[in-house]
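So this block is coords-v5.txt, compact mmCIF, N, CA and C atoms:
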# COMPACT_ATOMS: atom_id res chain seq x y z
N MET D 1 0.85 -1.18 0.00
CA MET D 1 0.00 0.00 0.00
C MET D 1 0.90 1.24 0.00
N GLU D 2 0.62 2.15 -0.90
CA GLU D 2 1.35 3.41 -0.99
C GLU D 2 0.69 4.44 -0.09
N THR D 3 1.49 5.34 0.46
CA THR D 3 0.97 6.41 1.29
C THR D 3 1.23 7.75 0.61
N ILE D 4 0.19 8.57 0.55
CA ILE D 4 0.28 9.91 -0.01
C ILE D 4 0.05 10.89 1.13
N THR D 5 0.96 11.83 1.32
CA THR D 5 0.82 12.83 2.38
C THR D 5 0.28 14.12 1.77
N ILE D 6 -0.77 14.64 2.40
CA ILE D 6 -1.34 15.91 1.94
C ILE D 6 -1.10 16.97 3.01
N LYS D 7 -0.87 18.20 2.56
CA LYS D 7 -0.62 19.31 3.47
C LYS D 7 -1.87 20.17 3.66
N THR D 8 -2.93 19.84 2.92
CA THR D 8 -4.18 20.58 3.01
C THR D 8 -5.17 19.77 3.83
N GLU D 9 -6.32 20.36 4.12
CA GLU D 9 -7.35 19.67 4.91
C GLU D 9 -7.87 18.43 4.18
N TYR D 10 -7.98 18.53 2.85
CA TYR D 10 -8.51 17.42 2.07
C TYR D 10 -7.96 17.50 0.65
N ILE D 11 -8.17 16.41 -0.10
CA ILE D 11 -7.87 16.37 -1.53
C ILE D 11 -9.05 15.70 -2.20
N LYS D 12 -9.43 16.19 -3.35
CA LYS D 12 -10.56 15.60 -4.06
C LYS D 12 -10.12 14.31 -4.75
N LEU D 13 -11.06 13.40 -4.89
CA LEU D 13 -10.77 12.08 -5.43
C LEU D 13 -10.10 12.15 -6.79
N ASP D 14 -10.61 12.95 -7.71
CA ASP D 14 -10.01 13.00 -9.04
C ASP D 14 -8.58 13.52 -9.00
N ALA D 15 -8.32 14.49 -8.12
CA ALA D 15 -6.97 15.03 -7.99
C ALA D 15 -6.02 14.00 -7.38
N LEU D 16 -6.51 13.22 -6.44
CA LEU D 16 -5.68 12.18 -5.83
C LEU D 16 -5.30 11.13 -6.86
N LEU D 17 -6.25 10.73 -7.70
CA LEU D 17 -5.95 9.71 -8.71
C LEU D 17 -4.84 10.19 -9.64
N LYS D 18 -4.86 11.46 -9.99
CA LYS D 18 -3.80 12.03 -10.84
C LYS D 18 -2.50 12.15 -10.06
N PHE D 19 -2.56 12.67 -8.84
CA PHE D 19 -1.37 12.89 -8.02
C PHE D 19 -0.64 11.57 -7.73
N ALA D 20 -1.40 10.52 -7.50
CA ALA D 20 -0.81 9.21 -7.19
C ALA D 20 -0.43 8.44 -8.46
N ALA D 21 -0.64 9.06 -9.63
CA ALA D 21 -0.32 8.45 -10.93
C ALA D 21 -1.10 7.17 -11.17
N LEU D 22 -2.32 7.11 -10.65
CA LEU D 22 -3.20 5.97 -10.92
C LEU D 22 -3.91 6.16 -12.25
N VAL D 23 -4.03 7.42 -12.68
CA VAL D 23 -4.58 7.75 -14.01
C VAL D 23 -3.66 8.80 -14.62
N ALA D 24 -3.76 8.96 -15.94
CA ALA D 24 -2.88 9.89 -16.66
C ALA D 24 -3.45 11.30 -16.75
N SER D 25 -4.78 11.44 -16.64
CA SER D 25 -5.38 12.76 -16.85
C SER D 25 -6.68 12.90 -16.05
N GLY D 26 -7.14 14.13 -16.00
CA GLY D 26 -8.42 14.39 -15.34
C GLY D 26 -9.58 13.73 -16.06
N GLY D 27 -9.49 13.67 -17.38
CA GLY D 27 -10.53 13.00 -18.16
C GLY D 27 -10.61 11.52 -17.85
N GLU D 28 -9.44 10.90 -17.70
CA GLU D 28 -9.42 9.48 -17.35
C GLU D 28 -9.97 9.27 -15.94
N ALA D 29 -9.64 10.18 -15.03
CA ALA D 29 -10.16 10.10 -13.66
C ALA D 29 -11.68 10.16 -13.68
N LYS D 30 -12.23 11.08 -14.46
CA LYS D 30 -13.69 11.22 -14.57
C LYS D 30 -14.31 9.93 -15.07
N GLU D 31 -13.70 9.31 -16.08
CA GLU D 31 -14.24 8.07 -16.64
C GLU D 31 -14.23 6.93 -15.64
N VAL D 32 -13.09 6.70 -14.98
CA VAL D 32 -12.99 5.53 -14.09
C VAL D 32 -13.86 5.70 -12.85
N VAL D 33 -13.96 6.93 -12.34
CA VAL D 33 -14.82 7.16 -11.18
C VAL D 33 -16.28 6.99 -11.58
N GLY D 34 -16.66 7.58 -12.71
CA GLY D 34 -18.05 7.48 -13.18
C GLY D 34 -18.47 6.05 -13.50
N ALA D 35 -17.51 5.23 -13.90
CA ALA D 35 -17.80 3.83 -14.22
C ALA D 35 -17.85 2.95 -12.98
N GLY D 36 -17.60 3.53 -11.80
CA GLY D 36 -17.66 2.75 -10.57
C GLY D 36 -16.46 1.84 -10.36
N LEU D 37 -15.31 2.22 -10.90
CA LEU D 37 -14.12 1.38 -10.80
C LEU D 37 -13.22 1.77 -9.63
N VAL D 38 -13.60 2.80 -8.87
CA VAL D 38 -12.77 3.29 -7.77
C VAL D 38 -13.51 3.07 -6.45
N SER D 39 -12.77 2.58 -5.45
CA SER D 39 -13.33 2.40 -4.11
C SER D 39 -12.66 3.34 -3.13
N VAL D 40 -13.47 3.91 -2.24
CA VAL D 40 -12.97 4.76 -1.17
C VAL D 40 -13.36 4.08 0.14
N ASN D 41 -12.37 3.77 0.94
CA ASN D 41 -12.60 3.09 2.22
C ASN D 41 -13.42 1.82 2.04
N GLY D 42 -13.14 1.10 0.95
CA GLY D 42 -13.77 -0.19 0.71
C GLY D 42 -15.13 -0.15 0.04
N GLU D 43 -15.63 1.04 -0.28
CA GLU D 43 -16.94 1.17 -0.92
C GLU D 43 -16.79 1.88 -2.26
N VAL D 44 -17.51 1.40 -3.28
CA VAL D 44 -17.45 2.02 -4.60
C VAL D 44 -17.90 3.48 -4.48
N CYS D 45 -17.15 4.37 -5.12
CA CYS D 45 -17.46 5.80 -5.08
C CYS D 45 -17.56 6.33 -6.50
N THR D 46 -18.65 6.99 -6.82
CA THR D 46 -18.84 7.57 -8.16
C THR D 46 -18.83 9.09 -8.13
N MET D 47 -18.38 9.68 -7.01
CA MET D 47 -18.30 11.14 -6.89
C MET D 47 -16.84 11.56 -7.04
N ARG D 48 -16.48 12.08 -8.21
CA ARG D 48 -15.07 12.41 -8.43
C ARG D 48 -14.61 13.58 -7.59
N GLY D 49 -15.55 14.40 -7.10
CA GLY D 49 -15.20 15.52 -6.24
C GLY D 49 -15.22 15.19 -4.76
N LYS D 50 -15.36 13.91 -4.43
CA LYS D 50 -15.40 13.50 -3.02
C LYS D 50 -14.16 13.98 -2.30
N LYS D 51 -14.35 14.59 -1.13
CA LYS D 51 -13.23 15.10 -0.34
C LYS D 51 -12.64 13.97 0.49
N LEU D 52 -11.35 13.76 0.32
CA LEU D 52 -10.64 12.72 1.05
C LEU D 52 -9.75 13.36 2.08
N ARG D 53 -9.71 12.75 3.25
CA ARG D 53 -8.90 13.28 4.36
C ARG D 53 -7.96 12.20 4.88
N GLY D 54 -7.08 12.61 5.78
CA GLY D 54 -6.14 11.66 6.37
C GLY D 54 -6.84 10.42 6.91
N GLY D 55 -6.29 9.25 6.62
CA GLY D 55 -6.88 7.99 7.07
C GLY D 55 -7.72 7.30 6.01
N ASP D 56 -8.16 8.04 4.99
CA ASP D 56 -8.95 7.45 3.92
C ASP D 56 -8.05 6.60 3.02
N THR D 57 -8.64 5.58 2.40
CA THR D 57 -7.93 4.76 1.43
C THR D 57 -8.69 4.77 0.11
N VAL D 58 -7.94 4.73 -0.98
CA VAL D 58 -8.51 4.71 -2.33
C VAL D 58 -7.92 3.52 -3.06
N THR D 59 -8.78 2.72 -3.70
CA THR D 59 -8.32 1.56 -4.45
C THR D 59 -8.80 1.67 -5.89
N PHE D 60 -7.86 1.46 -6.81
CA PHE D 60 -8.18 1.46 -8.24
C PHE D 60 -7.11 0.64 -8.97
N GLY D 61 -7.55 -0.19 -9.88
CA GLY D 61 -6.62 -0.95 -10.71
C GLY D 61 -5.70 -1.86 -9.93
N GLY D 62 -6.18 -2.40 -8.82
CA GLY D 62 -5.38 -3.31 -8.02
C GLY D 62 -4.39 -2.62 -7.09
N LYS D 63 -4.41 -1.29 -7.07
CA LYS D 63 -3.50 -0.54 -6.19
C LYS D 63 -4.30 0.22 -5.15
N THR D 64 -3.77 0.25 -3.94
CA THR D 64 -4.41 0.99 -2.85
C THR D 64 -3.48 2.08 -2.36
N VAL D 65 -4.07 3.26 -2.17
CA VAL D 65 -3.33 4.42 -1.68
C VAL D 65 -3.98 4.87 -0.39
N ARG D 66 -3.16 5.09 0.64
CA ARG D 66 -3.65 5.60 1.92
C ARG D 66 -3.26 7.06 2.03
N ILE D 67 -4.20 7.89 2.48
CA ILE D 67 -3.94 9.32 2.62
C ILE D 67 -3.52 9.61 4.06
N GLU D 68 -2.45 10.36 4.17
CA GLU D 68 -1.93 10.76 5.47
C GLU D 68 -1.90 12.27 5.50
N ALA D 69 -2.40 12.85 6.59
CA ALA D 69 -2.41 14.30 6.72
C ALA D 69 -1.12 14.76 7.37
N ASP D 70 -0.48 15.77 6.80
CA ASP D 70 0.72 16.37 7.36
C ASP D 70 0.27 17.38 8.39
N GLU D 71 0.48 17.10 9.66
CA GLU D 71 -0.01 17.94 10.75
C GLU D 71 0.86 19.16 11.00
N SER D 72 2.01 19.26 10.36
CA SER D 72 2.92 20.38 10.64
C SER D 72 2.47 21.68 10.03
What would you get if you wrote out this structure as structure tokens?
Amino acid sequence: METITIKTEYIKLDALLKFAALVASGGEAKEVVGAGLVSVNGEVCTMRGKKLRGGDTVTFGGKTVRIEADES
């Protein structure tokens, strides 16, 4: 499982998919989320603007990313 550290309060799902290099573009992120291929915390999520915070996990394409909040 890969860990992504964010310095903001949250990151949106589509931005995380791009940041973690799980997709190549925002258009691809929109497609895979809309098709129900992405899970957030173990549940399918079709909201590409979903706000993710520290402790959340995102799974797509056999890869899981855990979000960690930078408290500094």
Selection near region 41-49 of chain D, 6 Å with all atoms listed in the file, sequence-local residues under 2 positions removed, as a list in words
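Counting all atoms listed in the file, the residues come to Lys12, Leu13, Asp14, Val33, Gly34, Gly36, Val38, Ser39, Lys51, Asp56, Thr57, Val58 and Thr59 of chain D.
Nearest residue to Leu17 (chain D) among D:Glu31, D:Leu37, D:Met1, D:Phe60 is D:Phe60, counting only C-alpha atoms.
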re CA of Leu52 (chain D) and CA of Ala24 (chain D): distance 19.5 Å
Rounded to one decimal place, report the CA of Lys30 (chain D)-atom N of Glu71 (chain D) distance in Å.
28.7 Å
Counting only C-alpha atoms, select every polymer residue within 7 Å of (-3.1, 9.4, 0.4) as defined in the file's coordinates, and provide the selection as a PDB file with N, CA and C atoms, in the frame of the given file.
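Resulting contents of out_28.pdb:
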ATOM      1  N   THR D   3       1.490   5.340   0.460  1.00  0.00           N
ATOM      2  CA  THR D   3       0.970   6.410   1.290  1.00  0.00           C
ATOM      3  C   THR D   3       1.230   7.750   0.610  1.00  0.00           C
ATOM      4  N   ILE D   4       0.190   8.570   0.550  1.00  0.00           N
ATOM      5  CA  ILE D   4       0.280   9.910  -0.010  1.00  0.00           C
ATOM      6  C   ILE D   4       0.050  10.890   1.130  1.00  0.00           C
ATOM      7  N   THR D   5       0.960  11.830   1.320  1.00  0.00           N
ATOM      8  CA  THR D   5       0.820  12.830   2.380  1.00  0.00           C
ATOM      9  C   THR D   5       0.280  14.120   1.770  1.00  0.00           C
ATOM     10  N   ILE D   6      -0.770  14.640   2.400  1.00  0.00           N
ATOM     11  CA  ILE D   6      -1.340  15.910   1.940  1.00  0.00           C
ATOM     12  C   ILE D   6      -1.100  16.970   3.010  1.00  0.00           C
ATOM     13  N   THR D  57      -8.640   5.580   2.400  1.00  0.00           N
ATOM     14  CA  THR D  57      -7.930   4.760   1.430  1.00  0.00           C
ATOM     15  C   THR D  57      -8.690   4.770   0.110  1.00  0.00           C
ATOM     16  N   VAL D  65      -4.070   3.260  -2.170  1.00  0.00           N
ATOM     17  CA  VAL D  65      -3.330   4.420  -1.680  1.00  0.00           C
ATOM     18  C   VAL D  65      -3.980   4.870  -0.390  1.00  0.00           C
ATOM     19  N   ARG D  66      -3.160   5.090   0.640  1.00  0.00           N
ATOM     20  CA  ARG D  66      -3.650   5.600   1.920  1.00  0.00           C
ATOM     21  C   ARG D  66      -3.260   7.060   2.030  1.00  0.00           C
ATOM     22  N   ILE D  67      -4.200   7.890   2.480  1.00  0.00           N
ATOM     23  CA  ILE D  67      -3.940   9.320   2.620  1.00  0.00           C
ATOM     24  C   ILE D  67      -3.520   9.610   4.060  1.00  0.00           C
ATOM     25  N   GLU D  68      -2.450  10.360   4.170  1.00  0.00           N
ATOM     26  CA  GLU D  68      -1.930  10.760   5.470  1.00  0.00           C
ATOM     27  C   GLU D  68      -1.900  12.270   5.500  1.00  0.00           C
TER      28      GLU D  68
END
Every residue of chain D that DSSP places in alpha helix (DSSP H), as a VMD selection string
chain D and resid 13 to 19 26 to 34
Have a look at CA of Gly55 (chain D) and atom N of Ala15 (chain D) and let me know their distance in Å, one decimal.
16.6 Å
Could all heavy atoms be built for region 42-53 of chain D and written out as a compact mmCIF listing (two decimals), keeping the file's coordinate frame?
# COMPACT_ATOMS: atom_id res chain seq x y z
N GLY D 42 -13.14 1.10 0.95
CA GLY D 42 -13.77 -0.19 0.71
C GLY D 42 -15.13 -0.15 0.04
O GLY D 42 -15.73 -1.19 -0.20
N GLU D 43 -15.63 1.04 -0.28
CA GLU D 43 -16.94 1.17 -0.92
C GLU D 43 -16.79 1.88 -2.26
O GLU D 43 -16.05 2.86 -2.37
CB GLU D 43 -17.91 1.94 -0.03
CG GLU D 43 -18.22 1.24 1.27
CD GLU D 43 -19.26 1.98 2.09
OE1 GLU D 43 -19.96 2.85 1.54
OE2 GLU D 43 -19.37 1.68 3.28
N VAL D 44 -17.51 1.40 -3.28
CA VAL D 44 -17.45 2.02 -4.60
C VAL D 44 -17.90 3.48 -4.48
O VAL D 44 -18.90 3.78 -3.82
CB VAL D 44 -18.35 1.27 -5.60
CG1 VAL D 44 -18.45 2.02 -6.92
CG2 VAL D 44 -17.82 -0.14 -5.83
N CYS D 45 -17.15 4.37 -5.12
CA CYS D 45 -17.46 5.80 -5.08
C CYS D 45 -17.56 6.33 -6.50
O CYS D 45 -16.64 6.13 -7.30
CB CYS D 45 -16.39 6.56 -4.30
SG CYS D 45 -16.71 8.33 -4.21
N THR D 46 -18.65 6.99 -6.82
CA THR D 46 -18.84 7.57 -8.16
C THR D 46 -18.83 9.09 -8.13
O THR D 46 -19.19 9.73 -9.10
CB THR D 46 -20.15 7.07 -8.79
OG1 THR D 46 -21.23 7.39 -7.93
CG2 THR D 46 -20.11 5.57 -9.04
N MET D 47 -18.38 9.68 -7.01
CA MET D 47 -18.30 11.14 -6.89
C MET D 47 -16.84 11.56 -7.04
O MET D 47 -16.06 11.42 -6.11
CB MET D 47 -18.82 11.59 -5.52
CG MET D 47 -20.26 11.26 -5.27
SD MET D 47 -20.84 11.84 -3.65
CE MET D 47 -19.74 11.02 -2.54
N ARG D 48 -16.48 12.08 -8.21
CA ARG D 48 -15.07 12.41 -8.43
C ARG D 48 -14.61 13.58 -7.59
O ARG D 48 -13.43 13.76 -7.35
CB ARG D 48 -14.79 12.66 -9.91
CG ARG D 48 -15.48 13.86 -10.44
CD ARG D 48 -15.24 14.02 -11.91
NE ARG D 48 -16.07 15.13 -12.35
CZ ARG D 48 -15.75 15.96 -13.30
NH1 ARG D 48 -14.65 15.79 -13.96
NH2 ARG D 48 -16.55 16.94 -13.62
N GLY D 49 -15.55 14.40 -7.10
CA GLY D 49 -15.20 15.52 -6.24
C GLY D 49 -15.22 15.19 -4.76
O GLY D 49 -15.10 16.08 -3.92
N LYS D 50 -15.36 13.91 -4.43
CA LYS D 50 -15.40 13.50 -3.02
C LYS D 50 -14.16 13.98 -2.30
O LYS D 50 -13.05 13.82 -2.77
CB LYS D 50 -15.51 11.99 -2.89
CG LYS D 50 -15.52 11.51 -1.45
CD LYS D 50 -16.08 10.14 -1.32
CE LYS D 50 -16.11 9.66 0.12
NZ LYS D 50 -17.02 10.42 0.95
N LYS D 51 -14.35 14.59 -1.13
CA LYS D 51 -13.23 15.10 -0.34
C LYS D 51 -12.64 13.97 0.49
O LYS D 51 -13.35 13.33 1.26
CB LYS D 51 -13.70 16.24 0.56
CG LYS D 51 -14.16 17.45 -0.22
CD LYS D 51 -14.69 18.54 0.69
CE LYS D 51 -15.16 19.73 -0.13
NZ LYS D 51 -15.78 20.75 0.71
N LEU D 52 -11.35 13.76 0.32
CA LEU D 52 -10.64 12.72 1.05
C LEU D 52 -9.75 13.36 2.08
O LEU D 52 -9.09 14.37 1.82
CB LEU D 52 -9.81 11.88 0.07
CG LEU D 52 -10.59 11.29 -1.10
CD1 LEU D 52 -9.63 10.70 -2.12
CD2 LEU D 52 -11.57 10.25 -0.62
N ARG D 53 -9.71 12.75 3.25
CA ARG D 53 -8.90 13.28 4.36
C ARG D 53 -7.96 12.20 4.88
O ARG D 53 -8.04 11.06 4.48
CB ARG D 53 -9.83 13.78 5.46
CG ARG D 53 -10.65 14.99 5.02
CD ARG D 53 -11.64 15.43 6.09
NE ARG D 53 -12.22 16.74 5.82
CZ ARG D 53 -13.17 16.98 4.93
NH1 ARG D 53 -13.66 16.00 4.20
NH2 ARG D 53 -13.64 18.19 4.75
